[in-house]
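Novice: First the structure, which I've put down as C-alpha cells, then a few questions once you've had a look.
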Amino acid sequence: MFLYSGPHAVFEAHRETLAALGDPLHLGADPGLASLYDAALLGLMWSTLTGWLHGTALVGAEKTPATEFTPIAIRWLGTVNRFLTAYAPQVDAGRYPGDDATVDVQIAAIDHLIHAAEARGLDNALPELLKATMERARATGHGGDSYASVIEVLRNPAGER
C-alpha cells in the first residue's frame, strides 16, 4: 500500500504507473494527509508489535516459543479488527455505549496482565501506560463507557473542558 494525497486529478493521471509500485491509495486533496496517515499507521504498527512482543515475552517465560504463540495472536487480531470496526462509528459520533467490555472492565483485566508479567520479571511499561490511560478515562467519567471512550483523554491529555 502506498499513500498519496494532493489533487485527485493528478493521482488519477498517474494511477497506472503508481500501481506498478504497489497498491496506490489516494487519501484526499490535502497534500499533507499521506504523511499524517503514515505517522498514524506507524504508531499503530509499533503499538501492535510491542504488544505482541510483550505477549510473546509473557508466554515465552513459560517456554512457549514465539512461533507457537504467533498464530494464536494473529487469530486474536481478527477480534481486534471487529472492535476497530465497531468503535469507529462511536468515535465519530462521540458516544460510547458501554454494551461491551467497558473501561472499568478493561482496567480489571489489565491488572491480570500486569500481575502475570510482574510475576515473571517482565517489563510492564506498556501495560502500565495503557492502564494509566484507562484510569484517566475513568476519572473523566468514562468508566461505564466502551473502550473507544479512551480517545477522549488522547484528544485532550490535559483534561481541559
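Simple scheme: letters A, B, ... for chains in C-alpha cells order, numbers from 1 for residues in each chain, numbers from 1 for ligands in the order shown.
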Using only C-alpha atoms, which residues sit within 9 Å of stretch 48-52 of chain A once same-chain residues fewer than 5 positions away are excluded, as a list in words?
Specialist: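 Skipping anything fewer than 5 positions along the chain leaves Gly43, Ala57, Thr70, Ala73, Leu126 and Pro127 of chain A.
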Novice: Quick check for you: according to DSSP on this backbone, which residues of stretch 55-97 of chain A are classed as helix (DSSP H, G or I)? Reply as a count of residues only.
Specialist: 34
Novice: Can you tell me, as a list in words, which residues in chain A count as strand (DSSP E or B) by DSSP?
Specialist: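 Of chain A, only Phe2, Leu3, Tyr4, Pro24, Leu25, His26, Thr102 and Ser146 of chain A fall in strand (DSSP E or B).
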Novice: Might you pull out every residue within 12 Å of A:Leu84, with only C-alpha atoms counted and same-chain residues fewer than 6 positions away left off, and present them as a PyMOL selection string?
Specialist: chain A and resi 44+77-78+90-91+146-148
Novice: Write out as an MDAnalysis selection string each polymer residue whose atoms come within 6 Å of stretch 128-137 of chain A, counting only C-alpha atoms; drop sequence neighbours fewer than 5 positions from it.
Specialist: chainID A and resid 142 150 153
Novice: Kindly export the residues of the current selection with C-alpha atoms, as a PDB file, in the first residue's frame.
Specialist:
ATOM      1  CA  HIS A 142     -15.953   7.111  31.060  1.00  0.00           C
ATOM      2  CA  VAL A 150     -10.289   6.403  25.796  1.00  0.00           C
ATOM      3  CA  VAL A 153      -8.176  11.518  27.012  1.00  0.00           C
TER       4      VAL A 153
END
